[in-house]
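Source file: my_file-v2.txt (compact mmCIF, C-alpha atoms and all ligand atoms)
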# COMPACT_ATOMS: atom_id res chain seq x y z
CA MET Y 1 14.61 13.05 -13.04
CA ASN Y 2 17.58 11.30 -14.57
CA ARG Y 3 18.07 7.56 -14.07
CA GLU Y 4 21.18 7.96 -11.97
CA ASP Y 5 19.36 10.06 -9.36
CA PHE Y 6 16.36 7.84 -9.58
CA ILE Y 7 18.15 4.58 -8.75
CA ASN Y 8 20.34 6.19 -6.13
CA ALA Y 9 18.49 4.60 -3.22
CA GLN Y 10 19.72 3.04 0.00
CA ARG Y 11 16.55 1.35 1.24
CA ILE Y 12 14.57 -0.47 -1.42
CA VAL Y 13 11.32 -2.45 -1.37
CA ILE Y 14 10.91 -4.91 -4.24
CA LYS Y 15 7.50 -6.41 -4.92
CA LEU Y 16 7.41 -9.61 -6.95
CA GLY Y 17 4.01 -10.43 -8.46
CA THR Y 18 2.40 -13.86 -8.85
CA ASN Y 19 2.64 -13.82 -12.64
CA ILE Y 20 6.41 -13.52 -12.68
CA LEU Y 21 7.02 -16.07 -9.93
CA ARG Y 22 5.25 -18.90 -11.70
CA ASN Y 23 5.53 -20.28 -15.20
CA GLU Y 24 2.85 -21.17 -17.72
CA GLU Y 25 2.21 -24.51 -15.98
CA GLY Y 26 1.54 -22.74 -12.69
CA GLU Y 27 4.77 -24.11 -11.19
CA VAL Y 28 7.39 -21.86 -9.67
CA ALA Y 29 9.46 -20.08 -12.36
CA LEU Y 30 12.71 -21.47 -10.97
CA SER Y 31 15.31 -19.69 -13.04
CA ARG Y 32 13.51 -16.39 -12.61
CA ILE Y 33 13.11 -16.55 -8.84
CA TYR Y 34 16.79 -17.52 -8.48
CA SER Y 35 17.85 -14.69 -10.77
CA PHE Y 36 15.90 -12.23 -8.59
CA ILE Y 37 17.69 -13.66 -5.56
CA GLU Y 38 21.07 -13.36 -7.31
CA ASP Y 39 20.37 -9.74 -8.28
CA ILE Y 40 19.11 -8.81 -4.81
CA SER Y 41 22.13 -10.46 -3.18
CA LYS Y 42 24.36 -8.21 -5.27
CA LEU Y 43 22.47 -5.15 -4.07
CA ILE Y 44 22.85 -6.26 -0.47
CA LYS Y 45 26.57 -6.97 -0.86
CA SER Y 46 26.95 -3.45 -2.26
CA GLY Y 47 25.55 -2.11 1.05
CA LYS Y 48 21.90 -1.52 0.18
CA GLU Y 49 18.95 -2.62 2.31
CA VAL Y 50 16.28 -4.65 0.54
CA ILE Y 51 12.82 -5.73 1.66
CA ILE Y 52 10.95 -8.20 -0.55
CA VAL Y 53 7.18 -8.32 -0.83
CA THR Y 54 6.34 -11.60 -2.49
CA SER Y 55 3.12 -12.95 -3.97
CA GLY Y 56 2.68 -16.46 -5.31
CA ALA Y 57 1.63 -18.44 -2.22
CA VAL Y 58 -1.96 -19.01 -3.32
CA GLY Y 59 -0.92 -19.93 -6.87
CA LEU Y 60 1.76 -22.40 -5.78
CA GLY Y 61 -0.56 -23.97 -3.21
CA LYS Y 62 -3.27 -24.39 -5.82
CA LYS Y 63 -0.79 -26.18 -8.08
CA LYS Y 64 0.52 -28.39 -5.29
CA LEU Y 65 -3.01 -29.43 -4.34
CA ASN Y 66 -3.95 -29.97 -7.98
CA LEU Y 67 -6.96 -27.68 -7.76
CA GLU Y 68 -8.79 -26.16 -10.70
CA THR Y 69 -10.10 -23.21 -8.71
CA THR Y 70 -9.61 -21.44 -5.40
CA GLU Y 71 -13.32 -20.63 -5.07
CA GLY Y 72 -15.15 -21.83 -1.98
CA ASP Y 73 -14.96 -21.29 1.76
CA GLY Y 74 -11.40 -21.46 3.03
CA VAL Y 75 -9.92 -22.83 -0.21
CA LYS Y 76 -7.77 -19.82 -1.02
CA GLN Y 77 -6.65 -19.65 2.60
CA ALA Y 78 -5.70 -23.33 2.52
CA CYS Y 79 -3.78 -22.87 -0.75
CA ALA Y 80 -1.90 -19.94 0.77
CA ALA Y 81 -0.88 -22.06 3.76
CA VAL Y 82 0.45 -24.81 1.49
CA GLY Y 83 2.07 -22.46 -1.02
CA GLN Y 84 3.71 -20.10 1.47
CA SER Y 85 6.14 -22.65 2.91
CA ARG Y 86 6.95 -23.84 -0.58
CA LEU Y 87 7.61 -20.27 -1.69
CA MET Y 88 9.87 -19.62 1.28
CA SER Y 89 11.88 -22.77 0.63
CA PHE Y 90 13.09 -21.22 -2.65
CA TYR Y 91 14.08 -17.97 -0.95
CA GLU Y 92 15.79 -19.86 1.88
CA ASN Y 93 17.74 -21.96 -0.59
CA GLY Y 94 18.69 -19.13 -2.90
CA PHE Y 95 19.77 -16.60 -0.28
CA GLY Y 96 21.51 -19.43 1.59
CA VAL Y 97 23.92 -19.77 -1.32
CA PHE Y 98 24.96 -16.15 -0.76
CA ASP Y 99 25.01 -16.55 3.02
CA ILE Y 100 22.28 -13.95 3.48
CA PRO Y 101 19.73 -14.59 6.25
CA ILE Y 102 16.06 -14.09 5.49
CA ALA Y 103 12.94 -13.63 7.62
CA GLN Y 104 9.32 -14.47 6.85
CA ILE Y 105 6.73 -11.85 7.78
CA LEU Y 106 3.03 -12.47 7.14
CA LEU Y 107 0.72 -9.51 7.63
CA THR Y 108 -2.97 -8.73 7.81
CA GLU Y 109 -4.83 -5.42 7.58
CA ASP Y 110 -4.91 -5.09 11.37
CA ASP Y 111 -1.11 -5.02 11.51
CA PHE Y 112 -1.33 -1.60 9.88
CA SER Y 113 -4.69 -0.47 11.17
CA LEU Y 114 -3.93 -0.90 14.87
CA ARG Y 115 -1.34 1.73 15.59
CA HIS Y 116 0.50 -0.21 18.31
CA ARG Y 117 0.96 -3.15 15.91
CA TYR Y 118 2.04 -0.79 13.14
CA LEU Y 119 4.73 0.72 15.37
CA SER Y 120 5.88 -2.66 16.61
CA LEU Y 121 6.13 -3.94 13.02
CA ARG Y 122 8.27 -0.95 12.14
CA THR Y 123 10.63 -1.58 15.03
CA THR Y 124 11.02 -5.25 14.07
CA LEU Y 125 11.61 -4.56 10.38
CA ASN Y 126 14.21 -1.92 11.21
CA LYS Y 127 15.94 -4.33 13.55
CA LEU Y 128 16.02 -7.07 10.89
CA LEU Y 129 17.54 -4.67 8.37
CA GLU Y 130 20.11 -3.54 10.90
CA MET Y 131 21.05 -7.21 11.40
CA GLY Y 132 21.58 -7.67 7.66
CA VAL Y 133 18.48 -9.85 7.24
CA VAL Y 134 16.21 -9.67 4.18
CA PRO Y 135 12.59 -9.43 5.35
CA ILE Y 136 10.30 -11.35 2.99
CA ILE Y 137 6.73 -10.18 3.38
CA ASN Y 138 3.41 -11.52 2.13
CA GLN Y 139 -0.18 -11.00 3.06
CA ASN Y 140 -1.27 -13.58 5.60
CA ASP Y 141 -4.05 -14.94 3.41
CA THR Y 142 -4.69 -17.84 5.75
CA VAL Y 143 -6.13 -15.61 8.47
CA SER Y 144 -6.78 -12.45 6.51
CA THR Y 145 -10.24 -11.12 7.19
CA ILE Y 146 -10.89 -9.09 4.08
CA GLU Y 147 -12.92 -11.87 2.54
CA LEU Y 148 -15.43 -11.79 5.37
CA ALA Y 149 -17.94 -9.53 3.70
CA ASP Y 150 -20.23 -9.12 6.69
CA ARG Y 151 -17.53 -7.84 9.03
CA LEU Y 152 -16.37 -5.47 6.41
CA ALA Y 153 -19.65 -4.18 5.10
CA GLY Y 154 -18.67 -0.78 3.81
CA MET Y 155 -15.27 -0.83 5.48
CA LYS Y 156 -12.29 0.54 3.59
CA VAL Y 157 -9.41 -1.76 4.51
CA SER Y 158 -5.78 -0.72 4.65
CA PHE Y 159 -4.78 -3.23 1.96
CA SER Y 160 -6.16 -6.23 0.13
CA ASP Y 161 -3.37 -6.86 -2.37
CA ASN Y 162 0.41 -6.92 -2.32
CA ASP Y 163 0.80 -3.70 -4.34
CA LYS Y 164 -0.80 -1.65 -1.59
CA LEU Y 165 0.95 -3.79 1.04
CA SER Y 166 4.35 -3.00 -0.49
CA ALA Y 167 3.47 0.71 -0.56
CA LEU Y 168 2.47 0.65 3.11
CA VAL Y 169 5.73 -1.10 3.98
CA SER Y 170 7.75 1.43 1.92
CA SER Y 171 6.03 4.36 3.55
CA GLU Y 172 6.30 2.86 7.03
CA LEU Y 173 10.04 2.24 6.64
CA ASP Y 174 10.82 5.46 4.74
CA ALA Y 175 12.18 3.41 1.86
CA ASN Y 176 13.70 5.52 -0.91
CA LEU Y 177 12.48 3.33 -3.75
CA LEU Y 178 9.67 0.84 -4.36
CA ILE Y 179 10.06 -1.41 -7.41
CA LEU Y 180 6.86 -3.14 -8.54
CA LEU Y 181 7.73 -6.04 -10.83
CA SER Y 182 4.97 -7.79 -12.75
CA ASP Y 183 4.42 -8.99 -16.32
CA ILE Y 184 3.82 -5.53 -17.76
CA ASP Y 185 6.42 -3.06 -19.01
CA GLY Y 186 5.00 -0.10 -17.11
CA LEU Y 187 2.17 2.41 -17.39
CA TYR Y 188 0.78 2.98 -20.88
CA THR Y 189 -1.27 5.84 -22.30
CA SER Y 190 -4.07 3.26 -22.74
CA ASN Y 191 -4.43 -0.50 -22.31
CA PRO Y 192 -1.73 -2.02 -24.61
CA LYS Y 193 -3.65 -5.31 -24.81
CA GLU Y 194 -6.52 -3.49 -26.50
CA ASN Y 195 -4.83 -0.58 -28.21
CA PRO Y 196 -1.75 -1.16 -30.43
CA ASP Y 197 -1.00 2.59 -30.38
CA ALA Y 198 -0.66 2.67 -26.60
CA GLU Y 199 2.65 4.23 -25.55
CA LEU Y 200 4.74 3.57 -22.48
CA ILE Y 201 4.89 6.57 -20.14
CA LYS Y 202 8.50 6.96 -18.95
CA GLU Y 203 8.03 9.34 -16.08
CA VAL Y 204 5.15 10.52 -13.90
CA ASP Y 205 5.61 13.63 -11.73
CA GLU Y 206 2.35 13.32 -9.85
CA VAL Y 207 -0.27 10.58 -9.59
CA THR Y 208 -3.24 12.76 -10.50
CA ASP Y 209 -6.83 11.61 -11.09
CA GLU Y 210 -6.04 11.50 -14.84
CA ILE Y 211 -3.13 9.13 -14.18
CA LEU Y 212 -5.24 6.99 -11.82
CA ALA Y 213 -7.87 6.74 -14.55
CA LEU Y 214 -5.31 4.87 -16.71
CA GLY Y 215 -5.36 1.99 -14.22
CA THR Y 216 -6.86 -1.32 -15.25
CA GLU Y 217 -8.12 -4.11 -13.01
CA ALA Y 218 -6.28 -7.19 -11.77
CA SER Y 219 -4.62 -9.77 -13.97
CA GLU Y 220 -5.44 -13.43 -13.58
CA GLY Y 221 -3.76 -15.04 -10.59
CA GLY Y 222 -2.77 -11.99 -8.58
CA ARG Y 223 -5.05 -9.54 -6.86
CA GLY Y 224 -3.33 -6.37 -8.03
CA GLY Y 225 -3.53 -4.70 -11.44
CA MET Y 226 -2.37 -1.35 -12.80
CA LYS Y 227 -5.02 0.33 -10.68
CA THR Y 228 -3.59 -0.91 -7.38
CA LYS Y 229 -0.05 -0.16 -8.60
CA LEU Y 230 -0.98 3.45 -9.27
CA GLU Y 231 -2.61 3.74 -5.86
CA ALA Y 232 0.58 2.31 -4.37
CA ALA Y 233 2.63 4.84 -6.35
CA LYS Y 234 0.47 7.69 -5.07
CA LEU Y 235 0.99 6.76 -1.42
CA VAL Y 236 4.76 6.27 -1.77
CA THR Y 237 5.43 9.41 -3.81
CA ARG Y 238 3.36 11.49 -1.36
CA SER Y 239 5.55 10.06 1.41
CA GLY Y 240 8.74 11.24 -0.32
CA GLY Y 241 9.67 7.93 -2.01
CA LYS Y 242 10.23 6.94 -5.64
CA VAL Y 243 8.45 4.13 -7.48
CA LEU Y 244 9.34 2.11 -10.56
CA ILE Y 245 6.88 -0.18 -12.34
CA ALA Y 246 8.75 -2.58 -14.61
CA ASN Y 247 8.57 -5.99 -16.29
CA GLY Y 248 9.94 -8.78 -14.11
CA LYS Y 249 10.07 -11.14 -17.08
CA VAL Y 250 13.06 -9.28 -18.55
CA PRO Y 251 16.06 -11.46 -17.56
CA TYR Y 252 18.09 -9.99 -14.68
CA ILE Y 253 15.85 -6.93 -14.64
CA ILE Y 254 16.88 -5.83 -11.14
CA SER Y 255 20.59 -5.64 -12.01
CA LYS Y 256 19.76 -3.92 -15.26
CA ILE Y 257 17.71 -1.29 -13.43
CA PHE Y 258 20.61 -0.59 -11.07
CA ASP Y 259 23.05 -0.48 -14.00
CA GLY Y 260 21.00 2.53 -15.11
CA GLU Y 261 19.21 0.86 -18.03
CA ASP Y 262 16.01 2.49 -19.10
CA PHE Y 263 13.12 0.22 -18.06
CA GLY Y 264 9.56 0.84 -16.95
CA THR Y 265 7.75 3.89 -15.63
CA MET Y 266 9.38 6.07 -12.98
CA PHE Y 267 7.27 7.96 -10.44
CA THR Y 268 9.07 10.83 -8.76
CA PRO Y 269 8.31 12.03 -5.20
CA THR Y 270 5.96 14.97 -4.72
CA ASP Y 271 7.11 17.78 -2.45
CA GLU Y 272 4.38 17.03 0.13
CA ASN Y 273 6.49 14.60 2.16
CA LEU Y 274 3.57 13.62 4.41
CA SER Y 275 4.48 13.10 8.06
CA GLY Y 276 4.40 9.56 9.46
CA LYS Y 277 1.17 10.29 11.30
CA LYS Y 278 -0.54 11.72 8.20
CA ARG Y 279 0.51 8.67 6.15
CA TRP Y 280 -1.01 6.40 8.75
CA ILE Y 281 -4.25 8.41 8.91
CA GLY Y 282 -4.59 8.64 5.14
CA TYR Y 283 -3.61 5.15 4.08
CA ALA Y 284 -2.72 2.63 6.75
CA THR Y 285 -5.84 2.19 8.80
CA ASN Y 286 -9.18 0.50 8.16
CA VAL Y 287 -11.98 3.04 7.95
CA LEU Y 288 -15.69 2.52 8.58
CA GLY Y 289 -17.06 5.81 9.95
CA LYS Y 290 -17.90 8.65 7.62
CA ILE Y 291 -18.58 12.37 8.07
CA ILE Y 292 -20.45 14.15 5.28
CA VAL Y 293 -19.58 17.85 5.17
CA ASN Y 294 -20.90 20.87 3.26
CA GLU Y 295 -19.07 22.67 0.44
CA GLY Y 296 -17.78 25.40 2.76
CA ALA Y 297 -16.09 22.88 5.04
CA LYS Y 298 -14.67 20.99 2.06
CA GLU Y 299 -13.13 24.17 0.68
CA ALA Y 300 -11.76 25.18 4.09
CA ILE Y 301 -10.13 21.76 4.53
CA LEU Y 302 -8.73 21.35 1.02
CA LYS Y 303 -7.80 24.93 0.09
CA GLN Y 304 -6.86 26.40 3.48
CA SER Y 305 -5.90 23.24 5.37
CA LYS Y 306 -8.36 24.12 8.13
CA SER Y 307 -9.77 21.89 10.89
CA LEU Y 308 -13.25 20.40 10.57
CA LEU Y 309 -15.70 22.30 12.79
CA PRO Y 310 -19.15 21.01 13.83
CA ILE Y 311 -20.85 23.73 11.79
CA GLY Y 312 -19.74 22.16 8.48
CA ILE Y 313 -21.06 18.68 9.30
CA MET Y 314 -24.19 17.49 7.52
CA GLU Y 315 -24.37 13.82 8.44
CA ILE Y 316 -22.60 11.11 10.42
CA VAL Y 317 -22.57 7.62 8.89
CA ASN Y 318 -21.79 4.49 10.99
CA ASP Y 319 -20.49 4.51 14.54
CA PHE Y 320 -16.98 5.37 15.67
CA LYS Y 321 -15.08 6.10 18.85
CA GLN Y 322 -13.01 9.13 19.74
CA GLY Y 323 -9.51 8.73 18.27
CA GLU Y 324 -10.62 6.58 15.31
CA VAL Y 325 -9.95 7.54 11.71
CA VAL Y 326 -13.00 8.38 9.57
CA SER Y 327 -13.63 9.28 5.94
CA ILE Y 328 -14.46 12.91 5.23
CA CYS Y 329 -16.82 13.05 2.26
CA ASP Y 330 -18.55 15.80 0.32
CA GLU Y 331 -22.28 15.92 -0.37
CA SER Y 332 -21.87 13.75 -3.48
CA GLY Y 333 -20.23 11.04 -1.35
CA LEU Y 334 -16.70 11.61 -2.66
CA GLU Y 335 -14.11 10.84 0.01
CA PHE Y 336 -11.65 13.72 -0.22
CA ALA Y 337 -9.82 13.37 3.11
CA ARG Y 338 -9.45 11.23 6.21
CA GLY Y 339 -9.06 12.37 9.78
CA MET Y 340 -8.80 11.28 13.40
CA VAL Y 341 -11.86 12.38 15.37
CA ASN Y 342 -11.92 14.27 18.69
CA TYR Y 343 -15.50 13.17 19.49
CA ASP Y 344 -17.32 9.85 19.06
CA SER Y 345 -20.12 9.38 16.53
CA GLU Y 346 -22.92 9.96 19.05
CA GLU Y 347 -21.39 13.24 20.21
CA CYS Y 348 -20.75 14.26 16.60
CA ARG Y 349 -24.42 13.72 15.78
CA ARG Y 350 -25.43 15.97 18.65
CA ILE Y 351 -23.10 18.85 17.82
CA ALA Y 352 -23.34 18.60 14.00
CA GLY Y 353 -24.40 21.82 12.30
CA GLY Y 354 -23.94 23.89 15.48
CA HIS Y 355 -21.39 26.46 16.52
CA SER Y 356 -18.29 25.32 18.46
CA ASN Y 357 -19.30 27.70 21.29
CA ASN Y 358 -22.35 25.51 21.90
CA ILE Y 359 -20.40 22.27 22.41
CA VAL Y 360 -20.22 22.62 26.21
CA GLN Y 361 -23.92 23.35 26.42
CA THR Y 362 -24.80 20.35 24.25
CA LEU Y 363 -22.36 17.76 25.58
CA GLY Y 364 -21.66 19.07 29.06
CA TYR Y 365 -17.96 19.31 28.30
CA LYS Y 366 -15.61 20.47 25.55
CA ASN Y 367 -12.11 19.22 24.81
CA TYR Y 368 -11.75 20.72 21.34
CA ASP Y 369 -13.49 23.31 19.16
CA ALA Y 370 -12.88 21.11 16.13
CA VAL Y 371 -14.32 17.67 15.44
CA ILE Y 372 -11.08 16.91 13.57
CA THR Y 373 -7.99 19.04 14.15
CA ARG Y 374 -6.08 20.10 11.03
CA ASP Y 375 -2.91 18.21 12.05
CA ASN Y 376 -4.95 15.03 12.07
CA ILE Y 377 -6.38 15.43 8.55
CA THR Y 378 -4.83 13.87 5.43
CA HIS Y 379 -6.06 15.13 2.07
CA LEU Y 380 -6.68 12.39 -0.47
CA VAL Y 381 -7.24 14.52 -3.55
N1 LIG G 401 -0.85 -12.94 -1.10
C1 LIG G 401 -1.20 -13.51 -2.36
C2 LIG G 401 -0.31 -14.71 -2.66
O1 LIG G 401 0.73 -14.86 -2.10
C3 LIG G 401 -1.07 -12.54 -3.52
C4 LIG G 401 -1.80 -11.25 -3.36
C5 LIG G 401 -1.62 -10.32 -4.59
O2 LIG G 401 -1.34 -10.80 -5.68
O3 LIG G 401 -1.75 -9.12 -4.42
O4 LIG G 401 -0.63 -15.53 -3.46
As structure tokens - that is how I would like this structure written.
Amino acid sequence: MNREDFINAQRIVIKLGTNILRNEEGEVALSRIYSFIEDISKLIKSGKEVIIVTSGAVGLGKKKLNLETTEGDGVKQACAAVGQSRLMSFYENGFGVFDIPIAQILLTEDDFSLRHRYLSLRTTLNKLLEMGVVPIINQNDTVSTIELADRLAGMKVSFSDNDKLSALVSSELDANLLILLSDIDGLYTSNPKENPDAELIKEVDEVTDEILALGTEASEGGRGGMKTKLEAAKLVTRSGGKVLIANGKVPYIISKIFDGEDFGTMFTPTDENLSGKKRWIGYATNVLGKIIVNEGAKEAILKQSKSLLPIGIMEIVNDFKQGEVVSICDESGLEFARGMVNYDSEECRRIAGGHSNNIVQTLGYKNYDAVITRDNITHLV
């Protein structure tokens, strides 16, 4: 895709990572944050809608409190509380100069996982954009529950870093473009810090398993890394959006990108264009329950987009209610799809392995032949 088409976007989500919002001393990188604000103001004045996903609260709080580490019960949460208001004061100041109103939105996993909250969030964000406000979003680290290991034993949460959060927001709002700015130039053929021959990949047509395998873990300070950025890119491109990973340390990078200059790695949309419901099932909700299926069922789901019938079920792991989203895994444990169940875990255990015609006999009633109907299944591979 050429650059012109790529940057031709009306609704844009821009994610600013911790490492570009603070300087070497751990203080806010003043000139950089104000240059982002200046660039974004220009985009808004030209009629575009921009949503910012900002990191940096924990880091700034840690600096303010003069702490060496954020380890320990509640320390990170406390730092986030201190740093968040500090962070917002810069945005308030900067956008104030351009007379652009801003709004602070702090989110936890449940704001995506619980469908009524997800829909309410979407309504509010759309309203803010309509009013010409720039929503500034961060994870609500102060109350976020992902750190509570016992509650989440084995649970796959909707997001635990701002890369995935920005992808969920992009997909929820049907944004045309997500720009992930951090201190790396883009996606390389191998880790450039270890391999001097690593080359920057300019364009990715599909986030395949080979591409995902190029992802490295988080950098110091933030929670995301290339791995989470690629996962974010997969979700957005499957939802019909474009993604750019670029280096936020390049001065006035945002304006340069929209002037058509050649920065970073572009990810073009796939032709899947997942429906809103399938995006939510596949990516936005927390998942604990698991259904292990046989090879035949896996093939039927992946190759023929069929429903999951009781006959293909081998095992039910953890408890779930009717209407919840569960992982669909093969015999090796690989999660290849997610789906919303028509029966609860107890009922699934009773009908597993049997024919759909026997459901009434076994349960005393039957609402569906399928345990998960095809329209409620999102493929992950
Ligand atoms: N929410 C965290 C912060 O503001 C950052 C999370 C991340 O880097 O993904 O400090």
So that all listed atoms of ligand LIG 401 (chain G) fit with 4 Å spare on each side, what axis-aligned box centre and edge lengths in Å, to one decimal, would you give as JSON?
{"center_x": -0.5, "center_y": -12.3, "center_z": -3.4, "size_x": 10.5, "size_y": 14.4, "size_z": 12.6}
Got a sec: who's within 7 Å of stretch 26-37 of chain Y, counting only C-alpha atoms, leaving out chain neighbours fewer than 6 positions off, as an mmCIF file with C-alpha atoms, in the frame of the given file?
data_model
loop_
_atom_site.group_PDB
_atom_site.id
_atom_site.type_symbol
_atom_site.label_atom_id
_atom_site.label_comp_id
_atom_site.auth_asym_id
_atom_site.auth_seq_id
_atom_site.Cartn_x
_atom_site.Cartn_y
_atom_site.Cartn_z
ATOM 1 C CA GLY Y 59 -0.920 -19.930 -6.870
ATOM 2 C CA LEU Y 60 1.760 -22.400 -5.780
ATOM 3 C CA LYS Y 63 -0.790 -26.180 -8.080
ATOM 4 C CA GLY Y 94 18.690 -19.130 -2.900
ATOM 5 C CA PHE Y 95 19.770 -16.600 -0.280
ATOM 6 C CA TYR Y 252 18.090 -9.990 -14.680
ATOM 7 C CA ILE Y 254 16.880 -5.830 -11.140
#
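Distance annotation: of Y:Arg11, Y:Lys298, Y:Lys193, Y:Arg238, the residue with the minimal separation from Y:Asn176 is Y:Arg11; atom set is all atoms listed in the file.
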key: Expected answer as a ChimeraX atom specification: all residues with atoms within 8 Å of (-1.0, -18.9, 2.3), all atoms listed in the file   = /Y:57-58,61,76-84,139-142
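Across the structure, atom CA of Y:Ile253 and atom CA of Y:Glu210 are spaced 28.6 Å apart.
Take atom CA of Y:Thr208 and atom CA of Y:Ser275: the distance between them is 20.1 Å.
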query = Which polymer residues, protein or nucleic acid, are no farther than 12 Å from (11.4, -5.3, -5.8), counting all atoms listed in the file, as a VMD selection string?
reply = chain Y and resid 11 to 17 20 33 36 to 37 39 to 40 43 49 to 55 134 to 137 162 to 163 166 to 167 170 175 177 to 182 243 to 248 253 to 255 257 to 258
Now that the selection is made, can you save its residues with C-alpha atoms as a PDB file, in the frame of the given file?
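And here is the file that came out, result-v8.pdb:
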ATOM      1  CA  ARG Y  11      16.550   1.350   1.240  1.00  0.00           C
ATOM      2  CA  ILE Y  12      14.570  -0.470  -1.420  1.00  0.00           C
ATOM      3  CA  VAL Y  13      11.320  -2.450  -1.370  1.00  0.00           C
ATOM      4  CA  ILE Y  14      10.910  -4.910  -4.240  1.00  0.00           C
ATOM      5  CA  LYS Y  15       7.500  -6.410  -4.920  1.00  0.00           C
ATOM      6  CA  LEU Y  16       7.410  -9.610  -6.950  1.00  0.00           C
ATOM      7  CA  GLY Y  17       4.010 -10.430  -8.460  1.00  0.00           C
ATOM      8  CA  ILE Y  20       6.410 -13.520 -12.680  1.00  0.00           C
ATOM      9  CA  ILE Y  33      13.110 -16.550  -8.840  1.00  0.00           C
ATOM     10  CA  PHE Y  36      15.900 -12.230  -8.590  1.00  0.00           C
ATOM     11  CA  ILE Y  37      17.690 -13.660  -5.560  1.00  0.00           C
ATOM     12  CA  ASP Y  39      20.370  -9.740  -8.280  1.00  0.00           C
ATOM     13  CA  ILE Y  40      19.110  -8.810  -4.810  1.00  0.00           C
ATOM     14  CA  LEU Y  43      22.470  -5.150  -4.070  1.00  0.00           C
ATOM     15  CA  GLU Y  49      18.950  -2.620   2.310  1.00  0.00           C
ATOM     16  CA  VAL Y  50      16.280  -4.650   0.540  1.00  0.00           C
ATOM     17  CA  ILE Y  51      12.820  -5.730   1.660  1.00  0.00           C
ATOM     18  CA  ILE Y  52      10.950  -8.200  -0.550  1.00  0.00           C
ATOM     19  CA  VAL Y  53       7.180  -8.320  -0.830  1.00  0.00           C
ATOM     20  CA  THR Y  54       6.340 -11.600  -2.490  1.00  0.00           C
ATOM     21  CA  SER Y  55       3.120 -12.950  -3.970  1.00  0.00           C
ATOM     22  CA  VAL Y 134      16.210  -9.670   4.180  1.00  0.00           C
ATOM     23  CA  PRO Y 135      12.590  -9.430   5.350  1.00  0.00           C
ATOM     24  CA  ILE Y 136      10.300 -11.350   2.990  1.00  0.00           C
ATOM     25  CA  ILE Y 137       6.730 -10.180   3.380  1.00  0.00           C
ATOM     26  CA  ASN Y 162       0.410  -6.920  -2.320  1.00  0.00           C
ATOM     27  CA  ASP Y 163       0.800  -3.700  -4.340  1.00  0.00           C
ATOM     28  CA  SER Y 166       4.350  -3.000  -0.490  1.00  0.00           C
ATOM     29  CA  ALA Y 167       3.470   0.710  -0.560  1.00  0.00           C
ATOM     30  CA  SER Y 170       7.750   1.430   1.920  1.00  0.00           C
ATOM     31  CA  ALA Y 175      12.180   3.410   1.860  1.00  0.00           C
ATOM     32  CA  LEU Y 177      12.480   3.330  -3.750  1.00  0.00           C
ATOM     33  CA  LEU Y 178       9.670   0.840  -4.360  1.00  0.00           C
ATOM     34  CA  ILE Y 179      10.060  -1.410  -7.410  1.00  0.00           C
ATOM     35  CA  LEU Y 180       6.860  -3.140  -8.540  1.00  0.00           C
ATOM     36  CA  LEU Y 181       7.730  -6.040 -10.830  1.00  0.00           C
ATOM     37  CA  SER Y 182       4.970  -7.790 -12.750  1.00  0.00           C
ATOM     38  CA  VAL Y 243       8.450   4.130  -7.480  1.00  0.00           C
ATOM     39  CA  LEU Y 244       9.340   2.110 -10.560  1.00  0.00           C
ATOM     40  CA  ILE Y 245       6.880  -0.180 -12.340  1.00  0.00           C
ATOM     41  CA  ALA Y 246       8.750  -2.580 -14.610  1.00  0.00           C
ATOM     42  CA  ASN Y 247       8.570  -5.990 -16.290  1.00  0.00           C
ATOM     43  CA  GLY Y 248       9.940  -8.780 -14.110  1.00  0.00           C
ATOM     44  CA  ILE Y 253      15.850  -6.930 -14.640  1.00  0.00           C
ATOM     45  CA  ILE Y 254      16.880  -5.830 -11.140  1.00  0.00           C
ATOM     46  CA  SER Y 255      20.590  -5.640 -12.010  1.00  0.00           C
ATOM     47  CA  ILE Y 257      17.710  -1.290 -13.430  1.00  0.00           C
ATOM     48  CA  PHE Y 258      20.610  -0.590 -11.070  1.00  0.00           C
TER      49      PHE Y 258
END
request  = Please provide as a count of residues only all residues within 10 Å of Y:Phe112, with the sequence filter that same-chain residues fewer than 3 positions apart are discarded (counting only C-alpha atoms).
outcome  = 23
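Residue nearest Y:Gly215 within the list Y:Asp330, Y:Glu231, Y:Asp161, Y:Asp110: Y:Glu231 [criterion: smallest interatomic distance, all atoms listed in the file].
Here atom CA of Y:Leu212 and atom C1 of ligand LIG 401 (chain G) stand 22.9 Å from one another.
Closest approach to ligand LIG 401 (chain G) among Y:Glu71, Y:Lys127, Y:His379, Y:Asn19: Y:Asn19, based on only C-alpha atoms and all ligand atoms.
Using only C-alpha atoms, the shortest contact distance between Y:Val317 and any of Y:Gly74, Y:Gly186, Y:Gly154, Y:Met266 is found at Y:Gly154.
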key: Shell of 12 Å around Y:Lys234, only C-alpha atoms, local chain residues under 2 positions omitted, as a VMD selection string   = chain Y and resid 163 to 164 167 to 168 170 to 171 178 204 to 209 211 to 212 227 to 232 236 to 244 267 to 270 272 to 274 279 282 to 283 380 to 381
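Residue neighbourhood of Y:Ala352, excluding near-sequence residues (fewer than 2 positions): Leu309, Pro310, Ile311, Gly312, Ile313, Met314, Glu315, Ile316, Glu347, Cys348, Arg349, Arg350, Gly354 and His355 of chain Y, at 9 Å, using all atoms listed in the file.
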task = Name the residues in contact with stretch 366-378 of chain Y at a cut-off of 7 Å, using only C-alpha atoms, excluding same-chain residues fewer than 3 positions from it; report them as JSON, numbers by chain.
result = {"Y": [278, 281, 282, 305, 306, 307, 308, 309, 310, 337, 338, 339, 340, 341, 342, 343, 356, 359, 360]}
